[in-house]
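Here's model-v6.cif, which has mmCIF, C-alpha atoms:
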```cif
data_target
loop_
_atom_site.label_atom_id
_atom_site.label_comp_id
_atom_site.auth_asym_id
_atom_site.auth_seq_id
_atom_site.Cartn_x
_atom_site.Cartn_y
_atom_site.Cartn_z
CA MET A 6 5.19 5.58 41.41
CA ILE A 7 7.00 7.77 43.91
CA VAL A 8 10.67 7.08 44.33
CA HIS A 9 12.76 9.02 46.85
CA THR A 10 15.99 9.82 45.18
CA PHE A 11 19.09 11.50 46.47
CA ARG A 12 19.48 14.41 44.08
CA PRO A 13 22.54 16.62 44.22
CA TYR A 14 21.67 20.08 42.93
CA THR A 15 24.86 21.01 41.20
CA ARG A 16 23.40 23.13 38.40
CA SER A 17 21.44 26.27 39.18
CA PRO A 18 20.52 29.50 37.43
CA TRP A 19 23.57 31.71 37.26
CA LEU A 20 22.00 34.40 39.43
CA VAL A 21 21.49 31.81 42.16
CA SER A 22 25.09 30.69 41.79
CA LEU A 23 26.18 34.29 42.09
CA GLY A 24 23.97 34.76 45.12
CA ARG A 25 25.48 31.74 46.77
CA GLY A 26 28.94 33.05 46.02
CA LEU A 27 28.10 36.41 47.56
CA GLY A 28 26.42 34.79 50.54
CA LEU A 29 22.97 36.04 49.57
CA HIS A 30 21.53 32.62 48.83
CA SER A 31 21.53 29.68 51.12
CA THR A 32 23.51 26.63 50.12
CA GLN A 33 20.91 24.46 51.80
CA ARG A 34 19.31 23.49 48.47
CA LEU A 35 22.53 22.24 46.98
CA ILE A 36 21.85 18.78 48.31
CA ARG A 37 18.42 17.69 49.40
CA ILE A 38 16.10 14.74 49.22
CA ARG A 39 12.78 15.18 47.55
CA PRO A 40 10.26 12.83 45.91
CA VAL A 41 10.47 12.59 42.14
CA GLU A 42 7.78 11.12 39.90
CA VAL A 43 9.40 8.33 37.91
CA PRO A 44 7.09 6.74 35.32
CA ILE A 45 7.93 3.14 34.60
CA VAL A 46 7.88 2.72 30.85
CA ARG A 47 6.85 -0.74 29.76
CA ASP A 48 6.94 -2.35 26.34
CA PHE A 49 3.83 -4.42 25.87
CA ARG A 50 5.62 -6.82 23.53
CA ALA A 51 8.16 -7.64 26.22
CA ASP A 52 5.35 -8.00 28.74
CA VAL A 53 3.42 -10.30 26.40
CA ALA A 54 6.52 -12.45 25.98
CA GLN A 55 7.07 -12.62 29.74
CA TYR A 56 3.57 -12.68 31.22
CA GLY A 57 1.30 -13.66 28.31
CA ILE A 58 -1.38 -11.81 26.37
CA GLY A 59 -4.04 -12.34 29.04
CA ALA A 60 -1.98 -10.70 31.78
CA VAL A 61 -1.24 -7.67 29.63
CA LEU A 62 -4.81 -7.17 28.44
CA GLU A 63 -6.10 -7.61 31.98
CA VAL A 64 -4.80 -4.15 32.89
CA CYS A 65 -6.13 -2.62 29.66
CA GLU A 66 -9.55 -1.12 29.06
CA LEU A 67 -11.67 -2.53 26.24
CA ILE A 68 -12.85 0.21 23.87
CA GLY A 69 -16.29 -0.45 22.49
CA GLU A 70 -17.35 -3.95 21.56
CA PRO A 71 -15.29 -6.61 19.76
CA GLU A 72 -16.34 -6.98 16.14
CA VAL A 73 -16.10 -9.81 13.63
CA ASP A 74 -13.18 -9.68 11.19
CA GLU A 75 -15.23 -10.21 8.04
CA GLY A 76 -12.32 -11.47 5.94
CA HIS A 77 -11.11 -14.01 8.46
CA PRO A 78 -11.75 -17.62 7.37
CA ALA A 79 -13.10 -18.50 10.84
CA LYS A 80 -14.83 -15.13 11.31
CA LEU A 81 -12.92 -14.50 14.53
CA ASN A 82 -13.28 -11.29 16.50
CA ARG A 83 -10.95 -8.36 16.75
CA ALA A 84 -10.93 -5.78 19.53
CA LEU A 85 -9.36 -2.50 20.52
CA TRP A 86 -7.78 -1.94 23.94
CA ARG A 87 -6.53 1.12 25.78
CA PRO A 88 -3.49 0.29 27.95
CA PRO A 89 -2.58 2.31 31.05
CA ALA A 90 -1.07 5.48 29.62
CA ASP A 91 1.48 5.94 32.43
CA ASN A 92 3.20 2.69 31.53
CA TYR A 93 2.48 2.01 27.88
CA GLY A 94 1.87 5.49 26.48
CA PRO A 95 -1.16 6.90 24.68
CA ASP A 96 -1.24 4.32 21.84
CA LEU A 97 -3.97 1.71 21.64
CA ILE A 98 -3.62 -2.04 21.09
CA LEU A 99 -5.40 -3.84 18.26
CA ASP A 100 -6.17 -7.41 19.26
CA CYS A 101 -6.68 -9.67 16.22
CA PHE A 102 -5.90 -13.14 14.87
CA ASN A 103 -3.63 -14.55 12.21
CA GLY A 104 -5.50 -15.69 9.09
CA THR A 105 -3.83 -19.09 8.77
CA PRO A 106 -3.89 -21.64 11.61
CA ASP A 107 -0.62 -22.86 13.01
CA GLU A 108 0.51 -26.13 11.42
CA GLN A 109 1.41 -27.72 14.73
CA THR A 110 -1.47 -26.64 16.95
CA GLY A 111 -4.20 -25.90 14.41
CA LEU A 112 -4.95 -22.68 16.30
CA TYR A 113 -5.02 -19.13 14.98
CA GLU A 114 -2.25 -17.08 16.55
CA ARG A 115 -3.44 -14.03 18.48
CA VAL A 116 -1.64 -10.86 17.40
CA LEU A 117 -1.36 -7.51 19.21
CA LEU A 118 -0.54 -4.41 17.15
CA ARG A 119 0.22 -0.88 18.34
CA VAL A 120 -2.09 1.72 16.75
CA PRO A 121 -2.54 5.45 17.43
CA ASP A 122 -5.19 6.68 19.84
CA THR A 123 -7.05 8.41 17.02
CA CYS A 124 -8.57 5.05 16.05
CA ARG A 125 -12.08 4.58 17.44
CA THR A 126 -13.03 1.08 16.28
CA PRO A 127 -11.11 -2.16 15.62
CA ARG A 128 -11.94 -1.82 11.94
CA GLU A 129 -10.46 1.69 11.83
CA ALA A 130 -7.36 0.43 13.63
CA ALA A 131 -6.93 -2.51 11.25
CA SER A 132 -7.27 -0.27 8.20
CA TRP A 133 -4.78 2.21 9.72
CA THR A 134 -2.09 -0.46 9.91
CA TYR A 135 -2.25 -0.83 6.13
CA GLY A 136 -2.59 2.93 5.51
CA VAL A 137 -6.06 2.45 4.01
CA ASP A 138 -9.20 4.48 4.63
CA ALA A 139 -11.64 2.55 6.82
CA ASP A 140 -14.40 2.91 4.21
CA ALA A 141 -12.25 1.13 1.60
CA TYR A 142 -11.20 -1.65 3.95
CA HIS A 143 -13.62 -4.48 3.20
CA LEU A 144 -11.62 -7.70 3.38
CA VAL A 145 -12.95 -10.55 1.28
CA ARG A 146 -10.20 -12.96 2.30
CA ARG A 147 -7.42 -13.16 4.87
CA THR A 148 -4.83 -15.88 5.10
CA MET B 27 38.04 -34.89 5.29
CA ASN B 28 36.01 -31.75 4.83
CA ARG B 29 33.46 -31.75 2.06
CA THR B 30 31.25 -28.96 0.85
CA LEU B 31 27.69 -30.00 0.23
CA THR B 32 26.06 -28.65 -2.89
CA ASP B 33 22.36 -28.00 -3.37
CA ALA B 34 22.09 -31.26 -5.34
CA ASP B 35 23.62 -33.19 -2.43
CA LEU B 36 21.19 -31.59 -0.02
CA ALA B 37 18.26 -32.39 -2.30
CA VAL B 38 19.28 -36.06 -2.47
CA PHE B 39 19.68 -36.10 1.31
CA ALA B 40 16.24 -34.51 1.80
CA ASP B 41 14.67 -37.04 -0.58
CA SER B 42 16.19 -39.93 1.30
CA ILE B 43 14.98 -38.55 4.63
CA ALA B 44 11.49 -38.04 3.21
CA ALA B 45 11.48 -41.63 1.89
CA ASP B 46 12.58 -42.94 5.29
CA MET B 47 9.88 -40.95 7.05
CA ALA B 48 7.23 -42.10 4.59
CA ALA B 49 8.23 -45.71 5.29
CA LEU B 50 7.72 -45.27 9.03
CA ASP B 51 4.55 -46.80 10.36
CA VAL B 52 3.45 -44.30 12.98
CA ALA B 53 0.04 -43.48 14.35
CA GLU B 54 0.28 -39.82 13.40
CA PRO B 55 1.95 -39.33 10.04
CA VAL B 56 4.74 -36.78 9.91
CA ARG B 57 4.05 -34.14 7.33
CA PRO B 58 6.62 -31.79 5.84
CA THR B 59 6.08 -28.42 7.47
CA ARG B 60 7.00 -26.25 4.50
CA ARG B 61 4.68 -27.88 2.03
CA LEU B 62 2.32 -25.44 0.35
CA PRO B 63 -1.34 -26.40 0.10
CA PRO B 64 -2.60 -27.42 -3.36
CA LEU B 65 -3.38 -24.40 -5.49
CA THR B 66 -6.73 -25.81 -6.54
CA ASP B 67 -8.01 -24.77 -3.10
CA VAL B 68 -7.14 -21.14 -3.66
CA PRO B 69 -10.11 -19.07 -4.88
CA VAL B 70 -9.35 -16.34 -7.42
CA MET B 71 -10.77 -13.09 -6.04
CA GLY B 72 -10.74 -9.43 -6.95
CA GLY B 73 -11.49 -7.61 -3.70
CA VAL B 74 -9.36 -6.58 -0.75
CA GLN B 75 -7.29 -9.54 0.42
CA ALA B 76 -4.66 -9.89 3.11
CA GLN B 77 -1.85 -12.37 3.57
CA GLY B 78 -0.42 -11.71 7.00
CA ASP B 79 1.14 -8.26 6.90
CA VAL B 80 0.61 -7.77 3.16
CA LEU B 81 -2.61 -6.30 1.78
CA ILE B 82 -3.86 -6.35 -1.81
CA LEU B 83 -6.07 -3.34 -2.48
CA PRO B 84 -7.92 -2.80 -5.78
CA ILE B 85 -7.32 0.72 -7.06
CA ASP B 86 -7.95 2.83 -10.13
CA ARG B 87 -4.60 4.28 -11.12
CA ALA B 88 -2.19 4.27 -14.03
CA MET B 89 0.81 2.00 -13.88
CA PRO B 90 4.17 3.73 -13.27
CA HIS B 91 6.43 4.11 -16.30
CA TRP B 92 8.87 1.56 -14.88
CA ALA B 93 6.30 -1.24 -14.90
CA GLN B 94 7.29 -4.50 -16.59
CA PRO B 95 5.78 -7.95 -17.14
CA LEU B 96 6.11 -10.38 -14.28
CA PRO B 97 7.98 -13.51 -15.38
CA HIS B 98 5.78 -16.62 -15.31
CA ASP B 99 8.51 -19.15 -14.63
CA ARG B 100 9.63 -17.91 -11.25
CA ALA B 101 8.48 -16.08 -8.14
CA ILE B 102 9.56 -12.50 -7.51
CA PRO B 103 10.21 -11.74 -3.82
CA ILE B 104 8.62 -8.50 -2.62
CA VAL B 105 9.24 -8.95 1.11
CA THR B 106 12.36 -10.78 2.22
CA THR B 107 12.08 -10.52 6.00
CA GLY B 108 10.48 -13.24 8.08
CA ASN B 109 8.92 -15.94 5.95
CA GLY B 110 8.82 -13.50 3.04
CA HIS B 111 6.22 -12.81 0.39
CA ALA B 112 6.61 -13.42 -3.35
CA LEU B 113 4.61 -12.72 -6.51
CA ARG B 114 4.06 -15.35 -9.17
CA ALA B 115 2.21 -14.84 -12.45
CA LEU B 116 0.01 -17.61 -13.81
CA THR B 117 -0.68 -16.67 -17.40
CA ARG B 118 -2.61 -18.32 -20.18
CA GLY B 119 -3.26 -17.14 -23.74
CA THR B 120 -3.16 -13.36 -23.86
CA GLY B 121 -3.12 -13.00 -20.10
CA ARG B 122 -0.41 -10.80 -18.67
CA VAL B 123 0.68 -9.48 -15.29
CA ASP B 124 2.60 -6.19 -15.08
CA TRP B 125 4.18 -5.00 -11.89
CA ALA B 126 6.19 -2.05 -10.62
CA PRO B 127 7.95 -1.77 -7.25
CA ILE B 128 7.25 1.39 -5.22
CA HIS B 129 9.88 2.78 -2.87
CA ASP B 130 8.67 6.24 -1.87
CA ASP B 131 5.53 5.30 0.01
CA GLY B 132 5.23 4.25 3.64
CA HIS B 133 2.78 1.45 2.89
CA VAL B 134 2.68 0.71 -0.85
CA ILE B 135 5.48 -1.62 -1.93
CA ALA B 136 4.29 -2.53 -5.45
CA VAL B 137 1.58 -1.94 -8.00
CA VAL B 138 0.33 -4.77 -10.23
CA HIS B 139 -1.95 -4.85 -13.24
CA ILE B 140 -3.51 -8.18 -14.19
CA ALA B 141 -5.05 -8.47 -17.64
CA GLY B 142 -6.94 -11.21 -19.48
CA ASP B 143 -7.03 -14.69 -18.00
CA ALA B 144 -3.90 -14.15 -15.95
CA VAL B 145 -3.87 -14.75 -12.22
CA LEU B 146 -1.45 -13.25 -9.73
CA LEU B 147 -0.38 -15.58 -6.96
CA LEU B 148 0.87 -14.10 -3.70
CA GLU B 149 2.74 -16.82 -1.89
CA GLN B 150 4.99 -17.18 1.09
CA PRO B 151 8.20 -19.03 0.24
CA GLY B 152 8.95 -19.76 3.89
CA GLY B 153 5.49 -21.15 4.49
CA GLY B 154 3.06 -19.95 7.11
CA HIS B 155 0.23 -18.31 5.20
CA THR B 156 -1.99 -19.84 2.54
CA PRO B 157 -1.42 -18.32 -0.94
CA LEU B 158 -3.75 -15.69 -2.35
CA ALA B 159 -4.93 -15.69 -5.96
CA VAL B 160 -5.85 -12.35 -7.50
CA GLY B 161 -8.00 -11.88 -10.59
CA ALA B 162 -7.96 -9.22 -13.31
CA GLY B 163 -7.61 -5.58 -12.30
CA CYS B 164 -5.15 -3.06 -10.91
CA TYR B 165 -3.99 -3.42 -7.33
CA GLU B 166 -1.71 -1.85 -4.78
CA ILE B 167 0.32 -4.21 -2.64
CA ARG B 168 0.58 -2.68 0.82
CA ARG B 169 2.65 -3.55 3.87
CA GLN B 170 1.31 -3.45 7.37
CA ARG B 171 2.90 -1.01 9.81
CA GLU B 172 2.59 -0.31 13.50
CA ALA B 173 2.62 2.91 15.48
CA ALA B 174 6.08 3.92 16.62
CA PRO B 175 7.01 2.83 20.14
CA TRP B 176 6.21 5.40 22.80
CA ALA B 177 8.97 7.28 24.55
CA PRO B 178 7.95 9.46 27.49
CA ALA B 179 9.04 13.09 27.65
CA GLU B 180 12.25 13.63 29.54
CA HIS B 181 11.78 14.76 33.13
CA ARG B 182 12.73 18.43 33.51
CA ASP B 183 14.05 19.82 36.73
CA PRO B 184 12.63 23.34 37.24
CA TRP B 185 15.78 24.32 39.12
CA GLN B 186 18.05 23.15 36.39
CA ASP B 187 19.73 25.73 34.18
CA PRO B 188 18.08 25.11 30.76
CA SER B 189 21.20 26.19 28.91
CA GLY B 190 23.23 23.56 30.71
CA ARG B 191 25.93 26.13 31.42
CA THR B 192 27.17 27.26 34.80
CA LEU B 193 28.66 30.53 35.73
CA GLY B 194 32.39 30.09 35.30
CA ALA B 195 35.13 31.69 37.31
CA ALA B 196 35.76 34.30 34.61
CA GLY B 197 32.07 35.23 34.57
CA ALA B 198 31.96 35.46 38.35
CA LEU B 199 35.04 37.70 38.38
CA PHE B 200 33.52 39.89 35.68
CA VAL B 201 30.20 40.28 37.52
CA ALA B 202 31.99 40.94 40.81
CA ALA B 203 34.20 43.57 39.19
CA ALA B 204 31.22 45.18 37.51
CA SER B 205 29.32 45.31 40.81
CA VAL B 206 32.31 46.94 42.47
CA VAL B 207 32.37 49.53 39.73
CA VAL B 208 28.64 50.15 40.14
CA VAL B 209 28.94 50.41 43.94
CA ASP B 210 31.80 52.84 43.60
#
```
Please express what this file holds, its structure, as structure tokens.
Amino acid sequence: MIVHTFRPYTRSPWLVSLGRGLGLHSTQRLIRIRPVEVPIVRDFRADVAQYGIGAVLEVCELIGEPEVDEGHPAKLNRALWRPPADNYGPDLILDCFNGTPDEQTGLYERVLLRVPDTCRTPREAASWTYGVDADAYHLVRRT
Amino acid sequence: MNRTLTDADLAVFADSIAADMAALDVAEPVRPTRRLPPLTDVPVMGGVQAQGDVLILPIDRAMPHWAQPLPHDRAIPIVTTGNGHALRALTRGTGRVDWAPIHDDGHVIAVVHIAGDAVLLLEQPGGGHTPLAVGAGCYEIRRQREAAPWAPAEHRDPWQDPSGRTLGAAGALFVAAASVVVVD
């Protein structure tokens, strides 16, 4: 996003300051208007709370195919998403489900977790969150 | 008159409320929300199991020297945030559960060793997740973590003096004097 800001240039290299003092440099640059790239940093948790999971994942790119969480009692899927890096940074989002249904609704809560971009599959991402090698991560039960 | 309620008073109050609710004739019965499911439904397993953000991972390692038996008459809290997680030993005969807390690892929070007929129960005192029952073996109890929140690099102005200093009046006078000397 391009934002035109009014930037006073009050700090310069000392040689430039000296040049201005001696009349060798122009003072035209001291105050000028120029476009500055301002990235808008967003927190996906805050966005999920405000707009919902669907709205946040709509701007993300699905990496690979969703896979079945083998330890989940309902065998629900988990997926890995790449959010727009300019807003959310380079980290990926692991999209998975709670292992115990909610007492009121009877539904499994959907959970988003931030994982590093070195993860290539949802299984790798899930094992990373527990600090376990992906080859050793074979869930027999999740609650 | 102010009166401080004790735990016994609260228990009597809760019992009376529960009795009143049980006597209500409603279409959809009101169930207590913090009731744990019956333990007979919990299968005893020995593989990798997860209860929310806590993982039980079978490992082959020696117990730390500070390991001690887990008491069988109470639950030992291992995570106290949120709804919490607690360990409870169910022992019979020569069965025994040893445990040792771990503090110097980013993920591992405890190591347990279950011997004989003993069963380790991982339960959530605040409710929320179904308990896990763990059979004989040695296990690491791991906590789930997330990647650190991203902070973008600070925008650098190429015209900005990286030292943050400006040429002061004394410096300007010195440079001017030196240039006069050089010109002379």
Residues around (-0.1, -15.3, -9.2), cut-off 7 Å, counting all atoms listed in the file - what are they as an MDAnalysis selection string?
-> chainID B and resid 113:116 145:148 159:160
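Nearest to Asp107 in chain A of all the residues A:Ala141, A:Thr148, A:Gly26, A:Thr123 is A:Thr148, counting all atoms listed in the file.
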Pull out every residue that the PyMOL selection byres ((chain A and resi 92) around 6) matches in the shown coordinates and put them as a PyMOL selection string.
-> chain A and resi 45-47+89-91+93-94
Calculate how many Å separate CA of Pro127 in chain B from CA of Arg146 in chain A, rounding to one decimal.
->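 Atom-to-atom, CA of Pro127 in chain B and CA of Arg146 in chain A are spaced 23.4 Å apart.
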What is the distance, in Å and to one decimal place, between CA of Pro95 in chain B and CA of Arg147 in chain A?
->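 Result for CA of Pro95 in chain B versus CA of Arg147 in chain A: 26.2 Å, one decimal.
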